[in-house]
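One file, input-v6.cif, carrying mmCIF, C-alpha atoms:
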data_upload
#
loop_
_atom_site.label_atom_id
_atom_site.label_comp_id
_atom_site.auth_asym_id
_atom_site.auth_seq_id
_atom_site.Cartn_x
_atom_site.Cartn_y
_atom_site.Cartn_z
CA MET A 1 -79.17 12.83 -27.47
CA ALA A 2 -80.65 16.19 -26.51
CA PHE A 3 -82.01 16.43 -23.00
CA VAL A 4 -85.05 18.47 -21.99
CA GLU A 5 -84.01 20.82 -19.18
CA ARG A 6 -85.76 19.50 -16.10
CA VAL A 7 -85.37 20.11 -12.36
CA PHE A 8 -85.87 17.31 -9.85
CA SER A 9 -85.63 17.52 -6.09
CA GLY A 10 -87.07 15.81 -3.07
CA VAL A 11 -87.70 16.36 0.63
CA GLN A 12 -87.85 13.58 3.21
CA PRO A 13 -91.11 13.33 5.18
CA THR A 14 -89.45 13.04 8.57
CA GLY A 15 -91.58 15.62 10.38
CA ASN A 16 -91.01 19.07 11.85
CA LEU A 17 -90.10 20.98 8.71
CA HIS A 18 -88.16 24.02 9.80
CA LEU A 19 -86.61 27.26 8.56
CA GLY A 20 -83.55 25.37 7.31
CA ASN A 21 -85.72 23.20 5.05
CA TYR A 22 -87.54 26.29 3.80
CA LEU A 23 -84.50 28.47 3.03
CA GLY A 24 -82.24 25.61 1.99
CA ALA A 25 -84.73 23.98 -0.36
CA ILE A 26 -88.39 24.96 -0.60
CA VAL A 27 -87.97 28.69 -1.26
CA ASN A 28 -85.68 27.83 -4.17
CA PHE A 29 -88.19 25.28 -5.48
CA VAL A 30 -90.73 28.08 -5.73
CA LYS A 31 -88.34 30.37 -7.65
CA LEU A 32 -87.36 27.63 -10.10
CA GLN A 33 -90.98 27.21 -11.20
CA ASP A 34 -90.69 30.41 -13.21
CA THR A 35 -87.72 29.24 -15.25
CA HIS A 36 -87.75 25.43 -15.35
CA ASN A 37 -89.88 22.34 -15.83
CA CYS A 38 -89.98 21.03 -12.24
CA ILE A 39 -90.66 17.73 -10.49
CA TYR A 40 -90.85 17.87 -6.68
CA CYS A 41 -90.98 14.62 -4.78
CA VAL A 42 -91.77 13.66 -1.20
CA VAL A 43 -89.13 10.95 -0.87
CA ASP A 44 -90.89 8.56 1.49
CA LEU A 45 -88.77 5.55 0.49
CA HIS A 46 -85.76 7.40 1.87
CA ALA A 47 -87.57 8.08 5.16
CA ILE A 48 -87.69 4.39 6.12
CA THR A 49 -83.92 3.84 5.80
CA GLN A 50 -83.68 4.70 9.50
CA PRO A 51 -85.12 2.59 12.35
CA VAL A 52 -88.90 2.72 12.79
CA ASP A 53 -88.65 4.73 16.00
CA VAL A 54 -86.84 7.48 14.06
CA TRP A 55 -89.52 7.97 11.41
CA GLY A 56 -92.36 7.22 13.80
CA GLY A 57 -94.15 4.31 12.17
CA PRO A 58 -96.91 4.12 9.54
CA ALA A 59 -99.38 6.66 10.96
CA GLU A 60 -96.73 9.33 11.49
CA LEU A 61 -95.15 8.68 8.10
CA ALA A 62 -98.51 9.27 6.39
CA ARG A 63 -98.98 12.51 8.38
CA ASN A 64 -95.49 13.67 7.48
CA ILE A 65 -95.97 12.96 3.77
CA ARG A 66 -99.06 15.17 3.80
CA GLU A 67 -97.31 17.86 5.85
CA VAL A 68 -94.40 18.14 3.39
CA THR A 69 -96.88 18.31 0.51
CA ALA A 70 -98.79 21.03 2.36
CA ALA A 71 -95.53 22.95 2.89
CA PHE A 72 -94.75 22.79 -0.83
CA ILE A 73 -98.13 24.20 -1.76
CA ALA A 74 -98.33 26.75 1.09
CA ALA A 75 -94.92 28.10 0.09
CA GLY A 76 -96.10 28.69 -3.47
CA ILE A 77 -95.44 25.56 -5.54
CA ASP A 78 -98.18 25.09 -8.15
CA PRO A 79 -99.01 21.35 -8.42
CA LYS A 80 -101.02 21.94 -11.60
CA LYS A 81 -98.16 23.49 -13.55
CA HIS A 82 -95.47 21.26 -12.05
CA ILE A 83 -95.39 17.72 -10.69
CA VAL A 84 -95.72 17.10 -6.94
CA PHE A 85 -95.95 13.48 -5.78
CA ASN A 86 -94.67 10.97 -3.25
CA GLN A 87 -91.94 8.61 -4.38
CA SER A 88 -93.50 5.29 -3.28
CA GLN A 89 -96.38 5.71 -5.74
CA VAL A 90 -93.97 5.34 -8.69
CA ALA A 91 -92.46 1.86 -8.54
CA GLU A 92 -89.89 2.69 -11.21
CA HIS A 93 -87.79 4.53 -8.59
CA ALA A 94 -86.97 1.23 -6.89
CA GLU A 95 -86.69 -0.62 -10.20
CA LEU A 96 -84.09 1.76 -11.63
CA ALA A 97 -82.26 1.78 -8.30
CA TRP A 98 -81.61 -1.97 -8.72
CA VAL A 99 -80.13 -1.43 -12.18
CA PHE A 100 -77.93 1.32 -10.71
CA ASN A 101 -76.90 -0.97 -7.84
CA CYS A 102 -75.33 -3.12 -10.51
CA VAL A 103 -73.56 -0.11 -12.05
CA ALA A 104 -72.36 1.65 -8.88
CA ARG A 105 -69.23 0.41 -7.10
CA MET A 106 -68.70 -0.40 -3.43
CA GLY A 107 -65.75 1.96 -3.29
CA TRP A 108 -67.96 4.84 -4.35
CA LEU A 109 -70.49 4.16 -1.59
CA ASN A 110 -67.78 3.61 1.01
CA ARG A 111 -66.71 7.21 0.47
CA MET A 112 -70.15 8.66 1.27
CA THR A 113 -69.65 10.74 4.41
CA GLN A 114 -73.35 11.11 5.23
CA PHE A 115 -73.71 7.36 5.82
CA LYS A 116 -70.81 7.48 8.26
CA GLU A 117 -72.42 10.40 10.09
CA LYS A 118 -75.91 8.86 10.27
CA ALA A 119 -74.79 5.32 11.09
CA GLY A 120 -72.32 6.50 13.72
CA LYS A 121 -70.10 3.92 15.39
CA ASP A 122 -72.63 1.10 15.08
CA ARG A 123 -72.37 0.76 11.28
CA GLU A 124 -72.85 -3.00 11.35
CA ASN A 125 -76.36 -2.42 12.70
CA ALA A 126 -77.33 0.20 10.09
CA SER A 127 -79.82 -0.80 7.41
CA VAL A 128 -78.69 -1.70 3.91
CA GLY A 129 -81.12 0.99 2.77
CA LEU A 130 -79.22 3.68 4.65
CA TYR A 131 -75.98 2.52 3.03
CA ASP A 132 -77.59 2.32 -0.42
CA TYR A 133 -79.52 5.60 -0.03
CA PRO A 134 -77.32 7.51 -2.54
CA VAL A 135 -78.03 4.96 -5.30
CA LEU A 136 -81.78 5.38 -4.81
CA MET A 137 -81.22 9.14 -4.89
CA ALA A 138 -79.45 8.74 -8.24
CA ALA A 139 -82.42 6.73 -9.50
CA ASP A 140 -84.83 9.43 -8.28
CA ILE A 141 -83.04 12.05 -10.34
CA LEU A 142 -82.15 10.07 -13.44
CA LEU A 143 -85.52 8.32 -13.74
CA TYR A 144 -86.75 11.67 -15.09
CA ARG A 145 -83.44 12.38 -16.83
CA ALA A 146 -83.28 15.58 -14.82
CA THR A 147 -80.60 18.04 -15.85
CA HIS A 148 -80.56 20.20 -12.70
CA VAL A 149 -80.96 19.45 -9.00
CA PRO A 150 -81.28 22.11 -6.27
CA VAL A 151 -79.17 20.73 -3.42
CA GLY A 152 -77.74 21.85 -0.12
CA GLU A 153 -74.05 21.56 0.66
CA ASP A 154 -74.62 18.25 2.47
CA GLN A 155 -76.06 16.62 -0.66
CA LYS A 156 -73.40 17.66 -3.15
CA GLN A 157 -71.48 14.40 -2.67
CA HIS A 158 -74.61 12.38 -3.46
CA LEU A 159 -75.20 14.38 -6.63
CA GLU A 160 -71.61 13.68 -7.69
CA LEU A 161 -72.38 9.97 -7.25
CA SER A 162 -75.45 10.39 -9.47
CA ARG A 163 -73.21 11.86 -12.14
CA ASP A 164 -70.72 9.00 -11.75
CA ILE A 165 -73.49 6.41 -12.09
CA ALA A 166 -74.95 8.15 -15.16
CA GLN A 167 -71.54 8.34 -16.79
CA LYS A 168 -70.69 4.71 -16.08
CA PHE A 169 -74.07 3.53 -17.38
CA ASN A 170 -73.54 5.55 -20.56
CA ASN A 171 -70.03 4.11 -20.96
CA ASP A 172 -70.97 0.51 -20.13
CA PHE A 173 -73.96 0.45 -22.49
CA GLY A 174 -72.76 2.94 -25.09
CA ASP A 175 -73.16 0.61 -28.07
CA SER A 176 -76.65 -0.43 -26.99
CA ILE A 177 -77.62 3.20 -26.36
CA ARG A 178 -76.58 4.09 -29.91
CA LYS A 179 -78.54 1.10 -31.21
CA HIS A 180 -81.67 2.38 -29.48
CA GLY A 181 -81.51 5.92 -30.77
CA GLY A 182 -78.86 7.62 -28.68
CA ASN A 183 -76.48 8.47 -31.50
CA ASP A 184 -73.98 10.14 -29.21
CA GLY A 185 -73.95 7.19 -26.80
CA LEU A 186 -75.64 9.18 -24.04
CA PHE A 187 -78.84 8.10 -22.36
CA PHE A 188 -78.67 9.65 -18.90
CA PRO A 189 -77.59 13.30 -18.47
CA LEU A 190 -74.99 14.35 -15.91
CA PRO A 191 -77.18 16.48 -13.62
CA GLU A 192 -75.85 19.85 -12.49
CA PRO A 193 -76.28 21.23 -8.96
CA LEU A 194 -78.25 24.39 -8.32
CA ILE A 195 -77.05 26.04 -5.10
CA THR A 196 -78.61 29.45 -4.68
CA GLY A 197 -79.24 32.09 -2.05
CA PRO A 198 -77.26 33.49 0.88
CA ALA A 199 -78.53 30.95 3.45
CA THR A 200 -78.35 27.53 1.80
CA ARG A 201 -77.14 26.08 5.12
CA VAL A 202 -79.10 27.39 8.10
CA MET A 203 -77.57 26.73 11.50
CA SER A 204 -79.03 26.10 14.95
CA LEU A 205 -80.31 29.12 16.88
CA ARG A 206 -78.58 27.71 19.96
CA ASP A 207 -75.23 26.82 18.35
CA GLY A 208 -74.08 28.51 15.15
CA THR A 209 -71.62 25.69 14.42
CA LYS A 210 -74.34 23.03 14.08
CA LYS A 211 -76.90 22.68 11.31
CA MET A 212 -80.52 23.45 12.18
CA SER A 213 -82.13 20.06 12.70
CA LYS A 214 -85.40 18.52 13.81
CA SER A 215 -83.42 15.99 15.85
CA ASP A 216 -81.98 18.65 18.17
CA ALA A 217 -83.35 18.13 21.68
CA SER A 218 -84.15 21.84 22.08
CA ASP A 219 -87.11 23.18 20.13
CA TYR A 220 -85.50 26.62 20.57
CA SER A 221 -82.74 25.52 18.18
CA ARG A 222 -85.06 25.85 15.19
CA ILE A 223 -88.04 27.70 13.80
CA ASN A 224 -90.63 25.17 12.65
CA LEU A 225 -92.78 26.03 9.65
CA THR A 226 -95.83 25.37 11.83
CA ASP A 227 -94.77 27.81 14.59
CA ASP A 228 -97.13 30.71 15.28
CA ALA A 229 -96.03 34.36 15.44
CA ASP A 230 -95.49 34.41 19.22
CA THR A 231 -93.36 31.27 19.14
CA ILE A 232 -91.23 32.61 16.28
CA ALA A 233 -90.65 35.87 18.17
CA GLN A 234 -89.71 34.07 21.36
CA LYS A 235 -87.23 31.77 19.61
CA ILE A 236 -85.46 34.59 17.78
CA ARG A 237 -85.19 36.75 20.88
CA LYS A 238 -83.70 33.80 22.77
CA ALA A 239 -81.30 32.91 19.92
CA LYS A 240 -77.69 32.74 21.01
CA THR A 241 -75.55 35.79 20.19
CA ASP A 242 -72.34 37.37 21.47
CA PRO A 243 -71.86 40.69 23.34
CA GLU A 244 -70.26 42.59 20.44
CA PRO A 245 -72.20 44.85 18.03
CA LEU A 246 -72.89 43.53 14.56
CA PRO A 247 -69.90 44.05 12.24
CA THR A 248 -70.13 46.48 9.36
CA GLU A 249 -68.43 44.15 6.85
CA GLU A 250 -68.88 40.46 5.98
CA LYS A 251 -65.36 39.46 7.04
CA GLY A 252 -66.33 40.47 10.57
CA LEU A 253 -68.84 37.59 10.62
CA GLU A 254 -66.20 34.89 10.02
CA PRO A 255 -65.24 34.28 13.70
CA ARG A 256 -68.84 34.78 14.90
CA PRO A 257 -71.02 31.82 13.78
CA GLU A 258 -74.20 32.90 15.57
CA ALA A 259 -74.06 36.41 14.14
CA ASP A 260 -73.30 35.01 10.70
CA ASN A 261 -76.27 32.66 10.93
CA LEU A 262 -78.79 35.34 11.93
CA VAL A 263 -77.53 37.76 9.27
CA GLY A 264 -77.74 34.97 6.69
CA ILE A 265 -81.32 34.19 7.69
CA PHE A 266 -82.28 37.87 7.40
CA ALA A 267 -80.57 38.13 4.02
CA ALA A 268 -82.29 35.03 2.64
CA LEU A 269 -85.77 35.96 3.88
CA SER A 270 -85.47 39.53 2.59
CA GLY A 271 -83.84 38.61 -0.73
CA ARG A 272 -80.79 40.74 0.06
CA SER A 273 -77.09 40.10 0.40
CA ARG A 274 -75.30 39.80 3.75
CA ALA A 275 -73.31 42.92 2.85
CA ASP A 276 -76.53 44.88 2.30
CA VAL A 277 -77.95 43.71 5.64
CA LEU A 278 -74.78 44.78 7.44
CA ARG A 279 -74.89 48.18 5.78
CA GLU A 280 -78.25 48.70 7.49
CA PHE A 281 -77.62 47.04 10.86
CA GLY A 282 -73.82 46.95 11.21
CA GLY A 283 -72.49 48.71 14.32
CA GLY A 284 -75.79 48.29 16.14
CA GLN A 285 -76.74 45.99 19.00
CA PHE A 286 -78.36 42.61 18.49
CA SER A 287 -81.56 43.66 20.24
CA SER A 288 -82.67 46.05 17.48
CA PHE A 289 -81.54 43.62 14.77
CA LYS A 290 -83.47 40.78 16.40
CA ASN A 291 -86.61 42.93 16.52
CA ALA A 292 -86.32 43.51 12.78
CA LEU A 293 -85.66 39.80 12.22
CA VAL A 294 -88.77 38.89 14.24
CA GLU A 295 -90.92 41.16 12.07
CA LEU A 296 -89.44 39.73 8.90
CA CYS A 297 -89.78 36.08 9.98
CA VAL A 298 -93.37 36.54 11.12
CA ALA A 299 -94.32 38.33 7.90
CA LYS A 300 -92.76 35.60 5.73
CA LEU A 301 -93.56 32.45 7.71
CA SER A 302 -96.90 33.03 9.45
CA PRO A 303 -98.92 32.89 6.19
CA ILE A 304 -97.20 29.61 5.31
CA ALA A 305 -98.01 28.13 8.73
CA GLY A 306 -101.66 29.21 8.39
CA GLU A 307 -102.02 27.71 4.91
CA MET A 308 -100.29 24.48 5.97
CA LYS A 309 -102.75 24.13 8.85
CA ARG A 310 -105.67 24.61 6.46
CA LEU A 311 -104.33 22.09 3.93
CA VAL A 312 -103.44 19.41 6.47
CA ALA A 313 -107.01 19.59 7.78
CA ASP A 314 -108.16 18.27 4.38
CA PRO A 315 -106.09 15.10 3.78
CA GLY A 316 -108.30 14.02 0.89
CA HIS A 317 -107.33 17.14 -1.05
CA ILE A 318 -103.61 16.55 -0.44
CA ASP A 319 -103.91 12.88 -1.41
CA ALA A 320 -105.64 13.86 -4.67
CA ILE A 321 -102.74 16.19 -5.50
CA LEU A 322 -100.22 13.42 -4.82
CA ILE A 323 -102.14 10.86 -6.90
CA ASP A 324 -102.42 13.26 -9.84
CA GLY A 325 -98.72 14.11 -9.58
CA ALA A 326 -97.78 10.43 -9.38
CA ASP A 327 -99.79 9.67 -12.52
CA ARG A 328 -97.95 12.41 -14.41
CA ALA A 329 -94.57 11.37 -12.99
CA ARG A 330 -95.22 7.72 -13.85
CA ALA A 331 -95.76 8.59 -17.52
CA ILE A 332 -92.20 9.95 -17.69
CA ALA A 333 -90.76 7.19 -15.49
CA ASP A 334 -92.36 4.42 -17.55
CA GLU A 335 -90.77 5.73 -20.74
CA THR A 336 -87.34 5.93 -19.10
CA MET A 337 -87.61 2.40 -17.68
CA LYS A 338 -88.73 0.87 -20.98
CA LEU A 339 -85.77 2.43 -22.75
CA THR A 340 -83.45 1.36 -19.92
CA LYS A 341 -84.67 -2.23 -20.25
CA ASP A 342 -84.12 -2.12 -24.01
CA ILE A 343 -80.59 -0.80 -23.50
CA VAL A 344 -79.72 -3.38 -20.82
CA GLY A 345 -81.30 -6.23 -22.82
CA PHE A 346 -84.33 -7.14 -20.72
CA ILE A 347 -87.39 -8.57 -22.45
CA HIS A 348 -90.47 -6.67 -21.29
CA ARG A 349 -94.06 -5.74 -22.10
CA ARG A 350 -94.21 -2.94 -24.69
#

Encoded form (structure tokens):
Amino acid sequence: MAFVERVFSGVQPTGNLHLGNYLGAIVNFVKLQDTHNCIYCVVDLHAITQPVDVWGGPAELARNIREVTAAFIAAGIDPKKHIVFNQSQVAEHAELAWVFNCVARMGWLNRMTQFKEKAGKDRENASVGLYDYPVLMAADILLYRATHVPVGEDQKQHLELSRDIAQKFNNDFGDSIRKHGGNDGLFFPLPEPLITGPATRVMSLRDGTKKMSKSDASDYSRINLTDDADTIAQKIRKAKTDPEPLPTEEKGLEPRPEADNLVGIFAALSGRSRADVLREFGGGQFSSFKNALVELCVAKLSPIAGEMKRLVADPGHIDAILIDGADRARAIADETMKLTKDIVGFIHRR
């Protein structure tokens, strides 16, 4: 069975989108539009796997869904050429996840490191949804039989699980797949990761060994996509550094996580390599480099913040985009689910 090349990816609507989300995901979404058929999803079902006080309750969830959608569009994603929608509007995500729950194995989920990190020591009190999150993620991807997924380093393990689930489904139901038109016994593709750019993992501005995160107590640890120019400048100038000049070669960054992080951010925002950035700024003090980084960040991010503010002020427009995207996504999802039901042996409405 030949698969149409298709990209799928999603962003959780958990509020405070920051530079890490932009460089690690959204900027690559924009680039992929030129070369691929893309589906971009606001994964709101994933957001509620944590306790209510983490995702803020219904009113905040709705605001966050619209804010992520606004960020997609402000960054340059075209919702007319590609599909942008929120996950909960397409019921087939949850329906396929149940089928995959019966294909996936406990041992596979027990190896998922992100659950262990998010649940912490009190795993018995974690939601089943948090534990089962990777199976729903597999359903998100495979519902559209996506062939490529742009992922950060922390999601690679979940994508591997998606491949394992696809392969086991194809193996378990191979005869039925062939009966229903899949002559090679393949129904779901094994999606490939797309990891691009020099700053796929952006670290905290206060601690170069920790990932940039909205949950960090200090707002100075991150640059939010809604920050204005003055705030961006202040955060970069206060970013942690060390007393040594910038190195002239990349290997000099290895023992210096804060320097490595700032150089990586500059490289990603300017579309250059770390080596190229160091050729320009290596040997100099951080002060002049930070000034250049401020100018670059403000030039790249301020227009996005302004457009996000404009879009969020018109929730009806954002909701219309999501509804249209969900209608288009549902057309693909419905076809996949009908074929899945045929393959599994369910009787259903044609």

- Hey, which of A:Lys341, A:Arg111, A:Arg6, A:Lys300 ends up closest to His148 of chain A? Count only C-alpha atoms. A:Arg6

- Task: Around the point (-87.1, 37.2, 15.3), in the coordinates given by the file, pick out the residues reaching within 9 Å, counting only C-alpha atoms, and return them as an NGL selection string.
- Result: :A and (232-239 or 289-298)

- Contacts of segment 13-16 of chain A at 10 Å or less, counting only C-alpha atoms, minus same-chain residues fewer than 3 places along, as a ChimeraX atom specification? /A:10,19,21,42-48,54-56,60-69,86,213-215,222-227

- Query: What is the distance between atom CA of Gln89 of chain A and atom CA of Leu136 of chain A, in Å to one decimal?
  - Reply: 14.6 Å

- Hey, what comes out of the PyMOL selection byres ((chain A and resi 177) around 10) on this file? Could you write it as an NGL selection string? :A and (1 or 169-176 or 178-188 or 339-340 or 342-344)

- For Pro189 of chain A, please output as a PyMOL selection string all residues within 7 Å (counting all atoms listed in the file; exclusion window: fewer than 6 positions along the same chain). chain A and resi 145+147+166

- Please identify all polymer residues within 12 Å of Gly306 of chain A, counting only C-alpha atoms, omitting same-chain residues fewer than 2 positions from it, and present them as a list in words. Ala70, Ala71, Ile73, Ala74, Ala75, Leu225, Thr226, Asp227, Asp228, Ala229, Val298, Ala299, Lys300, Leu301, Ser302, Pro303, Ile304, Met308, Lys309, Arg310, Leu311, Val312 and Ala313 of chain A

- If you apply the PyMOL selection byres ((chain A and resi 140) around 10) to this file, what residues do you get, as a ChimeraX atom specification? /A:8-10,41,43,87,92-94,96-97,134-139,141-146,162,333

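You will find atom CA of Lys121 of chain A at 29.3 Å from atom CA of Glu258 of chain A.
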
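Distances from A:Thr49, A:Met112, A:Asp319, A:Leu23 to Ser270 of chain A were compared using only C-alpha atoms, and the smallest one belongs to A:Leu23.
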
- Tell me which protein, DNA and RNA residues are within 7 Å of Asn37 of chain A, counting all atoms listed in the file, leaving out same-chain ones fewer than 3 positions away, and put them as JSON, numbers by chain. {"A": [5, 6, 7, 33, 82]}

Per-axis box centre and lengths in Å around segment 224-236 of chain A, 3 Å margin per side, axis-aligned, as AutoDock Vina command-line options:
--center_x -91.3 --center_y 30.5 --center_z 15.5 --size_x 17.7 --size_y 16.7 --size_z 17.7

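The gap separating atom CA of Phe29 of chain A from atom CA of Gly76 of chain A is 8.8 Å, in Å to one decimal.
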
Listing only residues of segment 187-260 of chain A within 8 Å of segment 277-281 of chain A, what is the closest atom pair and its distance in Å (to one decimal) for each, using all atoms listed in the file, sorted by chain and residue number ascending, as a Markdown table?
| residue | atom | partner | partner_atom | distance |
| --- | --- | --- | --- | --- |
| A:Leu246 | CA | A:Phe281 | CA | 7.0 |
| A:Pro247 | CA | A:Leu278 | CA | 6.9 |
| A:Thr248 | CA | A:Leu278 | CA | 5.3 |
| A:Glu249 | CA | A:Leu278 | CA | 6.4 |
| A:Glu250 | CA | A:Leu278 | CA | 7.5 |

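Non-sequential neighbours of Lys81 of chain A (distance at most 12 Å, separation of 5 or more positions within a chain, all atoms listed in the file) are Val30, Gln33, Asp34, His36, Asn37, Cys38, Ile39, Tyr40, Ile73, Gly76, Ile321, Asp324, Gly325 and Arg328 of chain A.
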
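The closest residue to Gly264 of chain A, picked from A:Gly283, A:Gly208, A:Pro245, A:Gly129 and counting all atoms listed in the file, is A:Gly208.
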